[in-house]
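Asks: Below is upload_37.cif; it holds mmCIF, C-alpha atoms.
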data_run
loop_
_atom_site.label_atom_id
_atom_site.label_comp_id
_atom_site.auth_asym_id
_atom_site.auth_seq_id
_atom_site.Cartn_x
_atom_site.Cartn_y
_atom_site.Cartn_z
CA MET L 1 -42.43 16.65 -54.57
CA ASN L 2 -45.29 16.96 -52.08
CA ARG L 3 -45.89 13.19 -52.30
CA VAL L 4 -42.25 12.50 -51.40
CA ILE L 5 -42.49 14.80 -48.37
CA VAL L 6 -45.69 13.11 -47.18
CA MET L 7 -44.19 9.63 -47.57
CA LEU L 8 -41.03 10.71 -45.71
CA SER L 9 -43.16 12.14 -42.90
CA LEU L 10 -45.08 8.87 -42.56
CA TRP L 11 -41.82 6.91 -42.47
CA LEU L 12 -40.44 9.15 -39.72
CA VAL L 13 -43.61 8.78 -37.63
CA GLY L 14 -43.42 5.01 -37.98
CA ALA L 15 -39.72 4.95 -37.08
CA CYS L 16 -40.27 7.00 -33.91
CA SER L 17 -43.20 4.96 -32.58
CA ARG L 18 -42.30 2.47 -29.85
CA SER L 19 -43.60 -0.97 -28.98
CA ALA L 20 -45.15 -1.75 -25.60
CA LEU L 21 -42.62 -2.69 -22.93
CA LEU L 22 -43.68 -5.61 -20.73
CA VAL L 23 -43.06 -4.77 -17.06
CA SER L 24 -43.82 -6.85 -13.97
CA VAL L 25 -46.02 -4.05 -12.57
CA SER L 26 -47.08 -0.72 -14.00
CA VAL L 27 -48.35 0.80 -10.72
CA VAL L 28 -45.71 1.58 -8.09
CA PRO L 29 -45.79 3.52 -4.79
CA ASP L 30 -44.03 6.81 -4.05
CA SER L 31 -42.52 5.46 -0.81
CA GLY L 32 -39.15 4.38 -2.20
CA PRO L 33 -37.32 2.76 -5.14
CA SER L 34 -39.03 -0.08 -7.01
CA LEU L 35 -37.36 -3.04 -8.72
CA LEU L 36 -39.21 -3.97 -11.93
CA ARG L 37 -38.76 -7.04 -14.13
CA LEU L 38 -38.72 -6.39 -17.88
CA THR L 39 -39.54 -9.11 -20.41
CA GLY L 40 -39.52 -9.46 -24.18
CA LEU L 41 -36.49 -7.27 -24.83
CA PRO L 42 -33.67 -8.13 -27.27
CA PRO L 43 -30.26 -8.99 -25.78
CA GLY L 44 -27.43 -6.51 -25.35
CA ILE L 45 -29.35 -3.54 -23.94
CA VAL L 46 -27.52 -1.65 -21.20
CA PHE L 47 -29.58 1.38 -20.19
CA ALA L 48 -33.16 2.48 -19.67
CA SER L 49 -34.59 5.98 -19.41
CA TYR L 50 -37.14 6.85 -16.69
CA ASP L 51 -38.50 10.35 -16.35
CA ASN L 52 -35.55 11.40 -18.58
CA GLU L 53 -33.05 9.86 -16.13
CA GLN L 54 -30.70 7.16 -17.46
CA LEU L 55 -30.73 3.96 -15.39
CA PRO L 56 -28.59 0.79 -15.72
CA LEU L 57 -30.32 -2.48 -16.60
CA GLN L 58 -29.54 -5.64 -14.63
CA PRO L 59 -29.49 -8.98 -16.51
CA ASP L 60 -32.10 -11.43 -15.20
CA GLY L 61 -31.73 -14.68 -17.15
CA LEU L 62 -33.04 -13.93 -20.63
CA ASN L 63 -34.73 -10.79 -19.32
CA TYR L 64 -33.78 -7.67 -17.35
CA ARG L 65 -34.47 -5.85 -14.11
CA VAL L 66 -34.32 -2.12 -13.47
CA GLN L 67 -34.62 -0.19 -10.22
CA ILE L 68 -36.54 3.01 -10.71
CA PRO L 69 -36.18 5.84 -8.17
CA ALA L 70 -39.06 7.18 -6.13
CA ARG L 71 -41.12 9.91 -7.75
CA PRO L 72 -44.18 11.91 -6.59
CA PRO L 73 -47.57 10.50 -7.59
CA GLY L 74 -48.22 10.87 -11.31
CA GLN L 75 -47.50 9.19 -14.63
CA TYR L 76 -43.99 8.64 -15.97
CA LEU L 77 -42.46 7.04 -19.06
CA LEU L 78 -40.01 4.13 -18.92
CA VAL L 79 -38.14 3.76 -22.23
CA VAL L 80 -35.82 0.92 -23.21
CA ASP L 81 -34.41 0.99 -26.74
CA ASN L 82 -37.51 1.02 -28.98
CA PHE L 83 -39.92 -0.02 -26.22
CA GLU L 84 -41.82 1.99 -23.63
CA ALA L 85 -44.21 1.58 -20.71
CA GLU L 86 -46.22 4.10 -18.74
CA ILE L 87 -45.59 3.83 -14.99
CA ASN L 88 -48.33 5.11 -12.69
CA VAL L 89 -46.95 6.27 -9.33
CA VAL L 90 -49.45 6.26 -6.46
CA SER L 91 -49.30 7.22 -2.80
CA GLY L 92 -48.23 4.10 -0.91
CA ARG L 93 -47.80 3.02 2.68
CA LEU L 94 -47.14 -0.18 4.57
CA ARG L 95 -49.79 -1.64 6.84
CA VAL L 96 -49.44 -4.81 8.92
CA HIS L 97 -52.46 -6.10 10.83
CA VAL L 98 -52.08 -8.68 13.59
CA LEU L 99 -55.58 -10.13 13.40
CA ASP L 100 -57.40 -11.24 16.53
CA VAL L 101 -58.16 -14.87 15.69
CA GLY L 102 -58.19 -16.11 19.28
CA GLN L 103 -55.60 -18.71 20.22
CA GLY L 104 -53.69 -18.67 16.94
CA ASP L 105 -51.84 -16.46 14.49
CA ALA L 106 -52.90 -14.56 11.39
CA THR L 107 -51.07 -11.52 10.01
CA LEU L 108 -52.24 -9.44 7.05
CA ILE L 109 -49.58 -7.42 5.21
CA GLU L 110 -50.67 -4.63 2.86
CA THR L 111 -47.55 -3.60 0.95
CA PRO L 112 -46.90 -0.06 -0.33
CA GLY L 113 -47.38 -1.46 -3.86
CA GLY L 114 -50.89 -2.70 -3.04
CA GLN L 115 -50.19 -6.44 -2.67
CA ARG L 116 -52.01 -8.36 0.07
CA ILE L 117 -50.17 -11.14 1.90
CA LEU L 118 -51.69 -13.32 4.63
CA VAL L 119 -49.26 -15.13 6.94
CA ASP L 120 -51.13 -17.94 8.76
CA SER L 121 -54.88 -18.11 9.33
CA GLY L 122 -55.67 -19.12 12.91
CA ALA L 123 -57.50 -22.30 13.94
CA PRO L 124 -60.38 -23.87 11.95
CA GLU L 125 -62.96 -22.16 14.16
CA ALA L 126 -61.36 -18.79 13.34
CA ALA L 127 -62.34 -18.91 9.64
CA LEU L 128 -65.54 -16.89 10.04
CA GLY L 129 -63.77 -14.20 12.06
CA LEU L 130 -60.89 -14.22 9.59
CA ARG L 131 -63.23 -13.57 6.66
CA ALA L 132 -64.84 -10.73 8.61
CA ALA L 133 -61.45 -9.21 9.47
CA LEU L 134 -60.30 -9.26 5.85
CA ALA L 135 -63.58 -7.65 4.81
CA ARG L 136 -62.99 -4.86 7.37
CA TYR L 137 -59.76 -4.05 5.58
CA ASN L 138 -61.44 -4.29 2.14
CA VAL L 139 -59.43 -7.38 1.18
CA ASP L 140 -61.37 -9.62 -1.20
CA SER L 141 -58.42 -11.62 -2.57
CA LEU L 142 -54.78 -12.34 -1.71
CA ASP L 143 -51.63 -12.12 -3.78
CA LEU L 144 -49.88 -14.58 -1.46
CA ALA L 145 -50.66 -16.84 1.50
CA VAL L 146 -47.84 -18.18 3.68
CA ALA L 147 -48.21 -21.04 6.16
CA THR L 148 -45.38 -20.83 8.69
CA HIS L 149 -45.85 -24.43 9.88
CA MET L 150 -48.48 -27.12 10.06
CA ASP L 151 -50.02 -26.53 13.51
CA ALA L 152 -53.81 -26.24 13.43
CA ASP L 153 -53.82 -22.81 15.09
CA HIS L 154 -51.79 -21.45 12.19
CA ILE L 155 -53.22 -23.17 9.09
CA GLY L 156 -56.69 -24.22 10.24
CA GLY L 157 -58.52 -21.15 9.00
CA PHE L 158 -57.27 -21.33 5.41
CA SER L 159 -59.78 -23.95 4.24
CA GLY L 160 -62.78 -22.09 5.65
CA LEU L 161 -61.50 -18.79 4.26
CA VAL L 162 -61.15 -20.14 0.72
CA ALA L 163 -64.49 -21.99 0.85
CA GLY L 164 -66.37 -18.79 1.64
CA ALA L 165 -69.61 -18.26 3.54
CA ASP L 166 -71.32 -21.32 1.99
CA GLU L 167 -68.40 -23.51 3.17
CA GLN L 168 -68.30 -25.17 -0.25
CA LEU L 169 -65.30 -25.14 -2.56
CA GLU L 170 -65.59 -24.21 -6.24
CA THR L 171 -68.69 -22.07 -5.76
CA PHE L 172 -69.36 -18.42 -6.47
CA ASP L 173 -68.07 -17.07 -3.14
CA ASP L 174 -64.68 -18.81 -3.01
CA PHE L 175 -61.90 -16.54 -1.75
CA LYS L 176 -59.12 -16.18 -4.34
CA VAL L 177 -55.45 -16.71 -3.41
CA ASP L 178 -52.95 -16.23 -6.25
CA SER L 179 -50.05 -18.22 -4.77
CA TRP L 180 -49.15 -20.31 -1.71
CA LEU L 181 -45.86 -20.84 0.14
CA ASP L 182 -45.22 -22.97 3.23
CA SER L 183 -42.54 -24.69 5.30
CA GLY L 184 -42.52 -27.75 3.03
CA ASP L 185 -44.08 -30.06 5.63
CA ALA L 186 -47.60 -30.14 4.19
CA GLU L 187 -47.17 -33.51 2.47
CA SER L 188 -45.82 -35.31 5.54
CA CYS L 189 -48.47 -33.95 7.91
CA THR L 190 -51.24 -36.50 8.60
CA SER L 191 -53.86 -34.42 10.46
CA GLN L 192 -57.30 -33.60 9.08
CA VAL L 193 -56.39 -29.90 9.25
CA CYS L 194 -53.39 -30.54 7.01
CA ALA L 195 -55.57 -32.49 4.58
CA ALA L 196 -57.97 -29.55 4.39
CA TYR L 197 -55.04 -27.18 3.84
CA ARG L 198 -53.68 -29.32 1.00
CA THR L 199 -57.11 -29.24 -0.67
CA VAL L 200 -57.24 -25.43 -0.88
CA ALA L 201 -53.53 -24.56 -1.20
CA VAL L 202 -53.39 -25.43 -4.89
CA GLY L 203 -49.95 -24.99 -6.44
CA ARG L 204 -48.26 -24.53 -3.06
CA ARG L 205 -44.45 -24.44 -2.95
CA GLN L 206 -41.88 -24.76 -0.20
CA ILE L 207 -40.61 -21.30 0.59
CA GLU L 208 -36.92 -20.68 -0.07
CA ALA L 209 -34.43 -17.95 0.81
CA SER L 210 -34.67 -16.75 -2.79
CA ASP L 211 -38.43 -16.18 -2.55
CA ASP L 212 -38.12 -12.50 -1.69
CA PHE L 213 -41.29 -10.67 -2.66
CA ASP L 214 -41.33 -7.92 -5.32
CA ARG L 215 -39.36 -4.91 -4.13
CA LEU L 216 -41.80 -2.07 -4.66
CA GLY L 217 -41.55 1.25 -2.88
CA GLY L 218 -38.66 0.14 -0.69
CA PHE L 219 -40.52 -2.94 0.61
CA VAL L 220 -38.72 -6.30 0.94
CA LEU L 221 -39.97 -9.57 2.42
CA ARG L 222 -37.17 -12.06 3.20
CA THR L 223 -37.23 -15.67 4.33
CA LEU L 224 -34.83 -16.26 7.24
CA ALA L 225 -35.75 -19.79 8.30
CA ARG L 226 -37.96 -22.74 7.43
CA GLY L 227 -38.14 -26.49 7.99
CA GLY L 228 -35.66 -26.51 10.87
CA GLU L 229 -33.02 -24.55 8.95
CA VAL L 230 -31.82 -20.99 9.45
CA PHE L 231 -30.57 -19.83 6.06
CA GLY L 232 -26.86 -19.13 6.23
CA ALA L 233 -26.48 -20.77 9.66
CA GLY L 234 -27.63 -24.37 9.09
CA THR L 235 -29.77 -26.59 11.30
CA ILE L 236 -29.94 -27.03 15.03
CA PRO L 237 -27.02 -29.20 16.24
CA ALA L 238 -27.97 -32.82 16.84
CA SER L 239 -28.53 -33.97 20.42
CA ASP L 240 -30.04 -36.99 22.13
CA ASP L 241 -33.43 -35.28 22.10
CA HIS L 242 -33.43 -33.40 18.81
CA PRO L 243 -31.93 -34.53 15.49
CA ALA L 244 -30.21 -31.98 13.26
CA SER L 245 -33.30 -31.90 11.02
CA THR L 246 -35.47 -31.39 14.07
CA SER L 247 -38.87 -33.05 14.22
CA ASP L 248 -40.26 -30.35 16.52
CA ASP L 249 -42.98 -28.73 14.40
CA ASN L 250 -42.65 -25.32 16.06
CA ALA L 251 -38.91 -25.33 15.45
CA ARG L 252 -39.62 -25.85 11.74
CA SER L 253 -41.53 -22.57 11.49
CA VAL L 254 -40.99 -20.14 8.64
CA VAL L 255 -39.50 -16.85 9.87
CA LEU L 256 -39.97 -13.73 7.75
CA SER L 257 -38.20 -10.39 7.84
CA LEU L 258 -40.24 -7.46 6.57
CA GLU L 259 -38.13 -4.43 5.62
CA PHE L 260 -39.26 -1.00 4.50
CA ASN L 261 -36.78 1.86 4.03
CA GLY L 262 -34.98 1.25 7.33
CA PHE L 263 -37.98 -0.18 9.20
CA ARG L 264 -37.67 -3.87 10.10
CA MET L 265 -40.21 -6.32 11.49
CA LEU L 266 -39.79 -10.03 12.25
CA LEU L 267 -42.63 -12.55 11.95
CA MET L 268 -41.51 -15.51 14.07
CA GLY L 269 -44.30 -18.07 13.66
CA ASP L 270 -43.80 -20.49 16.58
CA LEU L 271 -40.01 -20.67 16.26
CA THR L 272 -38.48 -22.10 19.42
CA GLY L 273 -35.69 -20.63 21.54
CA GLY L 274 -34.66 -23.45 23.86
CA GLY L 275 -37.28 -22.93 26.54
CA LEU L 276 -38.94 -26.01 28.07
CA GLY L 277 -36.30 -28.16 26.35
CA SER L 278 -37.20 -27.03 22.82
CA PRO L 279 -34.56 -26.72 20.04
CA ASP L 280 -32.78 -23.36 20.26
CA MET L 281 -33.53 -22.11 16.75
CA GLU L 282 -33.55 -18.51 17.99
CA GLY L 283 -29.93 -19.03 19.05
CA LEU L 284 -29.00 -19.92 15.46
CA LEU L 285 -30.88 -16.93 14.08
CA ALA L 286 -29.84 -14.23 16.56
CA PRO L 287 -26.21 -13.67 15.41
CA SER L 288 -27.42 -12.50 12.00
CA LEU L 289 -29.87 -9.97 13.45
CA ASP L 290 -29.61 -6.41 14.70
CA ARG L 291 -32.21 -4.43 16.57
CA VAL L 292 -35.68 -4.64 15.03
CA ASN L 293 -38.47 -2.11 15.20
CA VAL L 294 -41.29 -4.63 15.61
CA LEU L 295 -41.27 -8.27 16.73
CA ARG L 296 -44.25 -10.49 15.93
CA THR L 297 -43.43 -12.60 18.95
CA GLY L 298 -43.08 -16.37 18.61
CA HIS L 299 -45.52 -18.96 19.97
CA HIS L 300 -48.04 -16.61 21.60
CA GLY L 301 -45.71 -15.59 24.42
CA SER L 302 -44.91 -19.14 25.48
CA ARG L 303 -41.78 -20.07 27.47
CA THR L 304 -40.51 -22.03 24.44
CA SER L 305 -39.77 -18.79 22.57
CA SER L 306 -38.46 -15.24 23.07
CA SER L 307 -35.38 -16.35 25.02
CA GLY L 308 -33.31 -13.82 26.95
CA PRO L 309 -30.41 -13.86 24.45
CA PHE L 310 -32.78 -13.51 21.47
CA VAL L 311 -34.66 -10.58 22.99
CA ALA L 312 -31.33 -8.94 23.89
CA ALA L 313 -30.05 -9.41 20.32
CA THR L 314 -33.16 -7.95 18.66
CA SER L 315 -34.18 -5.40 21.36
CA PRO L 316 -37.56 -4.76 19.71
CA GLN L 317 -39.05 -1.30 20.08
CA VAL L 318 -42.47 -2.95 19.91
CA SER L 319 -43.49 -6.57 20.51
CA LEU L 320 -46.85 -7.97 19.36
CA LEU L 321 -48.47 -11.07 20.86
CA SER L 322 -51.47 -13.01 19.54
CA TYR L 323 -53.32 -15.36 21.91
CA GLY L 324 -56.82 -16.39 22.92
CA GLU L 325 -58.83 -15.15 25.87
CA ASP L 326 -58.80 -17.67 28.74
CA ASN L 327 -56.73 -20.10 26.66
CA PRO L 328 -55.75 -23.33 28.45
CA HIS L 329 -52.00 -22.74 27.93
CA CYS L 330 -51.83 -19.58 30.09
CA HIS L 331 -50.37 -17.71 27.09
CA PRO L 332 -48.71 -15.30 27.29
CA VAL L 333 -46.61 -16.07 30.36
CA GLY L 334 -45.61 -13.22 32.64
CA GLU L 335 -41.85 -13.75 32.48
CA VAL L 336 -41.82 -13.50 28.66
CA VAL L 337 -43.98 -10.36 28.62
CA GLU L 338 -41.78 -8.80 31.32
CA ARG L 339 -38.66 -9.65 29.30
CA LEU L 340 -40.11 -7.93 26.23
CA GLY L 341 -41.37 -5.00 28.29
CA ASN L 342 -37.87 -4.36 29.63
CA VAL L 343 -36.67 -3.39 26.13
CA GLY L 344 -39.74 -1.82 24.51
CA TRP L 345 -43.50 -1.57 24.22
CA VAL L 346 -45.71 -4.68 24.31
CA TYR L 347 -49.19 -5.19 22.81
CA GLY L 348 -51.51 -8.20 22.99
CA THR L 349 -54.67 -9.11 21.13
CA ASN L 350 -56.75 -10.27 24.14
CA PRO L 351 -56.97 -9.85 27.93
CA SER L 352 -53.81 -11.34 29.41
CA GLN L 353 -55.19 -12.52 32.74
CA GLN L 354 -56.30 -16.13 32.34
CA ALA L 355 -58.59 -17.95 34.74
CA GLY L 356 -56.57 -20.36 36.86
CA CYS L 357 -53.20 -18.94 35.69
CA PRO L 358 -50.60 -17.04 37.77
CA ASN L 359 -51.28 -13.34 38.23
CA TRP L 360 -48.87 -10.75 36.83
CA GLU L 361 -49.01 -7.16 35.57
CA TRP L 362 -48.89 -6.02 31.94
CA PRO L 363 -46.01 -3.57 31.27
CA ALA L 364 -46.76 0.12 31.59
CA ARG L 365 -45.66 0.67 27.98
CA GLY L 366 -48.27 -0.90 25.70
CA SER L 367 -51.54 -2.67 26.31
CA ASP L 368 -53.35 -5.99 26.21
CA ASP L 369 -56.94 -6.54 24.94
CA CYS L 370 -56.23 -4.65 21.69
CA GLY L 371 -58.25 -6.82 19.32
CA ASP L 372 -56.55 -6.32 15.95
CA ILE L 373 -53.19 -4.53 16.19
CA THR L 374 -52.12 -2.39 13.22
CA ILE L 375 -48.64 -1.17 12.30
CA GLU L 376 -48.53 1.61 9.69
CA SER L 377 -45.72 3.52 7.99
CA ALA L 378 -45.64 5.84 4.99
CA ARG L 379 -41.86 6.06 4.56
CA GLY L 380 -40.31 3.58 6.99
CA SER L 381 -38.48 6.10 9.19
CA GLN L 382 -41.51 6.42 11.45
CA PHE L 383 -44.33 4.02 12.23
CA SER L 384 -47.43 3.92 14.37
CA VAL L 385 -49.14 1.21 16.41
CA ARG L 386 -52.94 1.18 16.69
CA CYS L 387 -54.56 -0.76 19.54
CA ALA L 388 -58.28 -0.57 20.41
CA GLY L 389 -58.62 2.81 18.72
CA ARG L 390 -55.53 4.28 20.41
CA GLU L 391 -52.46 5.17 18.33
CA VAL L 392 -48.84 5.62 19.39
CA THR L 393 -46.17 6.92 16.98
CA PHE L 394 -42.54 5.77 17.10
#
Now, as a test, write the supplied structure out as structure tokens.
Replies:
Amino acid sequence: MNRVIVMLSLWLVGACSRSALLVSVSVVPDSGPSLLRLTGLPPGIVFASYDNEQLPLQPDGLNYRVQIPARPPGQYLLVVDNFEAEINVVSGRLRVHVLDVGQGDATLIETPGGQRILVDSGAPEAALGLRAALARYNVDSLDLAVATHMDADHIGGFSGLVAGADEQLETFDDFKVDSWLDSGDAESCTSQVCAAYRTVAVGRRQIEASDDFDRLGGFVLRTLARGGEVFGAGTIPASDDHPASTSDDNARSVVLSLEFNGFRMLLMGDLTGGGLGSPDMEGLLAPSLDRVNVLRTGHHGSRTSSSGPFVAATSPQVSLLSYGEDNPHCHPVGEVVERLGNVGWVYGTNPSQQAGCPNWEWPARGSDDCGDITIESARGSQFSVRCAGREVTF
């Protein structure tokens, strides 16, 4: 009799044990809901249990997705049928750093879920400063690198970053990048800078509208435009100067929308807005946009970008400009900075007065000569801007 009881007990223990559930990530932030991908499950499952709350599963090809609600930091159990996974919830916040790389663009995104994304890398001569900037923010590898377009002041620093301090590839100090996305123009570009980019951007893919980044803690990264196309609005209309699939490299920039629990930031690359005869890509994009909290302003404050209608449509609370000190292009130009300053605060990475350029005054709200500019938010409803050690909360 005792033997039967023991054997029954062992059978019950075995029946109640669960197999490991394969989830896309097991560490999520407390800043908002997180969308997880689940793999290796049998078909026909409808519900999951998370922290004893029943949640619907969403089919995802042969797999599933589930959106788990925000919870305070701690450990929680996700159970699906006879499978389970432990989810570790940590304190998360969004940080976006506009890096001072001189006359060029480089933006580091630290997501609430802990992923590191670098959008552009500055010019080739910026590589050393770029490595130093990433080290300041304790970034020793990247989950994703995005090249908005093939201009040297946007992709030039990637090769030197990956090669490391010894400037040699495939050595001990190479900088690791998990994946690469770009505008799709890397193969057709013939410059030496593009050749260097192709060498390091192994496995690169053309970014698509469907390439939204993992939605963890309320964070979403969307692709709005690339390669001369605004998704959902088409390409710039053909004219005598510009074909429908425009050959203007700046007009082919990738544009990204960063969203975080009601907070929205646009990263414009060098997208053109009709100024100086450029294709009016901003005009195609503007009808789909509402007011944004932060605008990573296009083309360093040049007249080609940040048109009056586009600025009116987006009405950014804060505009950020990246440009080099005493650059030969007189970037940023006074009329663009004034236009942005009429609707919100304006910050710039370097001194705005250029030798030999027209004189004008920086807006009272904001500052130039910031060096790196950092945006930070813990929940999305509020955010702060840090410039040269000074912080303003919005």
Asks: To one decimal place, how far is CA of Met268 (chain L) from CA of Gly298 (chain L) in Å?
Replies: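 We find that CA of Met268 (chain L) and CA of Gly298 (chain L) lie 4.9 Å from each other.
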Asks: I need the residue set behind the PyMOL selection byres ((chain L and resi 259) around 8) for this file; please write it as an mmCIF file with C-alpha atoms, in the frame of the given file.
Replies:
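What ended up in part-v3.cif:
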data_model
loop_
_atom_site.group_PDB
_atom_site.id
_atom_site.type_symbol
_atom_site.label_atom_id
_atom_site.label_comp_id
_atom_site.auth_asym_id
_atom_site.auth_seq_id
_atom_site.Cartn_x
_atom_site.Cartn_y
_atom_site.Cartn_z
ATOM 1 C CA GLY L 218 -38.660 0.140 -0.690
ATOM 2 C CA PHE L 219 -40.520 -2.940 0.610
ATOM 3 C CA VAL L 220 -38.720 -6.300 0.940
ATOM 4 C CA LEU L 221 -39.970 -9.570 2.420
ATOM 5 C CA SER L 257 -38.200 -10.390 7.840
ATOM 6 C CA LEU L 258 -40.240 -7.460 6.570
ATOM 7 C CA PHE L 260 -39.260 -1.000 4.500
ATOM 8 C CA ASN L 261 -36.780 1.860 4.030
ATOM 9 C CA GLY L 262 -34.980 1.250 7.330
ATOM 10 C CA PHE L 263 -37.980 -0.180 9.200
ATOM 11 C CA ARG L 264 -37.670 -3.870 10.100
ATOM 12 C CA MET L 265 -40.210 -6.320 11.490
#
Asks: My list of candidates is L:Ser367, L:Gln58, L:Ser141, L:Gln353. Which is closest to Gly341 (chain L) when distances are computed with all atoms listed in the file?
Replies: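 With all atoms listed in the file as the atom set, the closest residue is L:Ser367.
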Asks: Expand the PyMOL selection byres ((chain L and resi 385) around 12) into the individual residues it matches in the shown file, reporting them as a short mmCIF file (atom, residue, chain, number, x, y, z; two decimals) with C-alpha atoms, in the frame of the given file.
Replies:
data_model
loop_
_atom_site.label_atom_id
_atom_site.label_comp_id
_atom_site.auth_asym_id
_atom_site.auth_seq_id
_atom_site.Cartn_x
_atom_site.Cartn_y
_atom_site.Cartn_z
CA ARG L 95 -49.79 -1.64 6.84
CA VAL L 96 -49.44 -4.81 8.92
CA HIS L 97 -52.46 -6.10 10.83
CA VAL L 98 -52.08 -8.68 13.59
CA ASN L 293 -38.47 -2.11 15.20
CA VAL L 294 -41.29 -4.63 15.61
CA GLN L 317 -39.05 -1.30 20.08
CA VAL L 318 -42.47 -2.95 19.91
CA SER L 319 -43.49 -6.57 20.51
CA LEU L 320 -46.85 -7.97 19.36
CA TRP L 345 -43.50 -1.57 24.22
CA VAL L 346 -45.71 -4.68 24.31
CA TYR L 347 -49.19 -5.19 22.81
CA GLY L 348 -51.51 -8.20 22.99
CA GLY L 366 -48.27 -0.90 25.70
CA SER L 367 -51.54 -2.67 26.31
CA CYS L 370 -56.23 -4.65 21.69
CA ASP L 372 -56.55 -6.32 15.95
CA ILE L 373 -53.19 -4.53 16.19
CA THR L 374 -52.12 -2.39 13.22
CA ILE L 375 -48.64 -1.17 12.30
CA GLU L 376 -48.53 1.61 9.69
CA SER L 377 -45.72 3.52 7.99
CA GLN L 382 -41.51 6.42 11.45
CA PHE L 383 -44.33 4.02 12.23
CA SER L 384 -47.43 3.92 14.37
CA ARG L 386 -52.94 1.18 16.69
CA CYS L 387 -54.56 -0.76 19.54
CA ALA L 388 -58.28 -0.57 20.41
CA GLY L 389 -58.62 2.81 18.72
CA ARG L 390 -55.53 4.28 20.41
CA GLU L 391 -52.46 5.17 18.33
CA VAL L 392 -48.84 5.62 19.39
CA THR L 393 -46.17 6.92 16.98
CA PHE L 394 -42.54 5.77 17.10
#
Asks: Using all atoms listed in the file, which residues sit within 9 Å of Pro328 (chain L) once same-chain residues fewer than 6 positions away are excluded, as an mmCIF file with C-alpha atoms, in the frame of the given file?
Replies:
data_model
loop_
_atom_site.group_PDB
_atom_site.id
_atom_site.type_symbol
_atom_site.label_atom_id
_atom_site.label_comp_id
_atom_site.auth_asym_id
_atom_site.auth_seq_id
_atom_site.Cartn_x
_atom_site.Cartn_y
_atom_site.Cartn_z
ATOM 1 C CA GLN L 354 -56.300 -16.130 32.340
ATOM 2 C CA ALA L 355 -58.590 -17.950 34.740
ATOM 3 C CA GLY L 356 -56.570 -20.360 36.860
ATOM 4 C CA CYS L 357 -53.200 -18.940 35.690
#
Asks: How many Å lie between CA of Ala123 (chain L) and CA of Leu224 (chain L), rounded to one decimal?
Replies: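 Separation of CA of Ala123 (chain L) and CA of Leu224 (chain L): 24.4 Å.
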Asks: Under the PyMOL selection byres ((chain L and resi 89) around 9), which residues of this model are included? Write them out as a PyMOL selection string.
Replies: chain L and resi 26-30+70-76+87-88+90-92
Asks: Check the smallest atom-to-atom distance from each of L:Phe158, L:Phe175, L:Trp360, L:Tyr64 to Leu22 (chain L) using only C-alpha atoms, then report the winner.
Replies: L:Tyr64
Asks: Do you have the CA of Ile68 (chain L)-CA of Leu35 (chain L) distance handy?
Replies: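 Here the two named atoms are 6.4 Å from each other.
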Asks: So that I can check the surroundings of Asp143 (chain L), please list as a short mmCIF file (atom, residue, chain, number, x, y, z; two decimals) with C-alpha atoms, in the coordinates of the input every protein, DNA and RNA residue that reaches within 10 Å of it, counting only C-alpha atoms and ignoring chain neighbours fewer than 3 positions away.
Replies:
data_model
loop_
_atom_site.label_atom_id
_atom_site.label_comp_id
_atom_site.auth_asym_id
_atom_site.auth_seq_id
_atom_site.Cartn_x
_atom_site.Cartn_y
_atom_site.Cartn_z
CA GLY L 114 -50.89 -2.70 -3.04
CA GLN L 115 -50.19 -6.44 -2.67
CA ARG L 116 -52.01 -8.36 0.07
CA ILE L 117 -50.17 -11.14 1.90
CA LEU L 118 -51.69 -13.32 4.63
CA LYS L 176 -59.12 -16.18 -4.34
CA VAL L 177 -55.45 -16.71 -3.41
CA ASP L 178 -52.95 -16.23 -6.25
CA SER L 179 -50.05 -18.22 -4.77
CA TRP L 180 -49.15 -20.31 -1.71
#
Asks: Please identify all polymer residues within 10 Å of Val25 (chain L), counting all atoms listed in the file, omitting same-chain residues fewer than 5 positions from it, and present them as a list in words.
Replies: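 The residues satisfying every condition are Ser34, Leu35, Leu36, Arg37, Leu38, Ile87, Asn88, Gly113, Asp214 and Leu216 of chain L.
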Asks: Please determine, counting only C-alpha atoms, which residue among L:Val255, L:Ala186, L:Ser247, L:Leu94 has the shortest atom-to-atom distance to Glu208 (chain L).
Replies: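 Of all the options, L:Val255 lies closest to Glu208 (chain L).
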Asks: Which is closest to Glu335 (chain L) among L:Val292, L:Gly275, L:Leu142, L:Pro237, if we use all atoms listed in the file?
Replies: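 Closest candidate: L:Gly275.
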Asks: Which residues, written as number ranges by chain, have at least one atom at most 10 Å from Leu134 (chain L), with all atoms listed in the file counted and residues fewer than 3 positions away on the same chain left out?
Replies: L: 97, 99, 108, 118, 129-131, 137-142, 161
Asks: For Ser253 (chain L), which residue among L:Val23, L:Ile155, L:Val80, L:Ala286 is the nearest when counting all atoms listed in the file?
Replies: L:Ile155
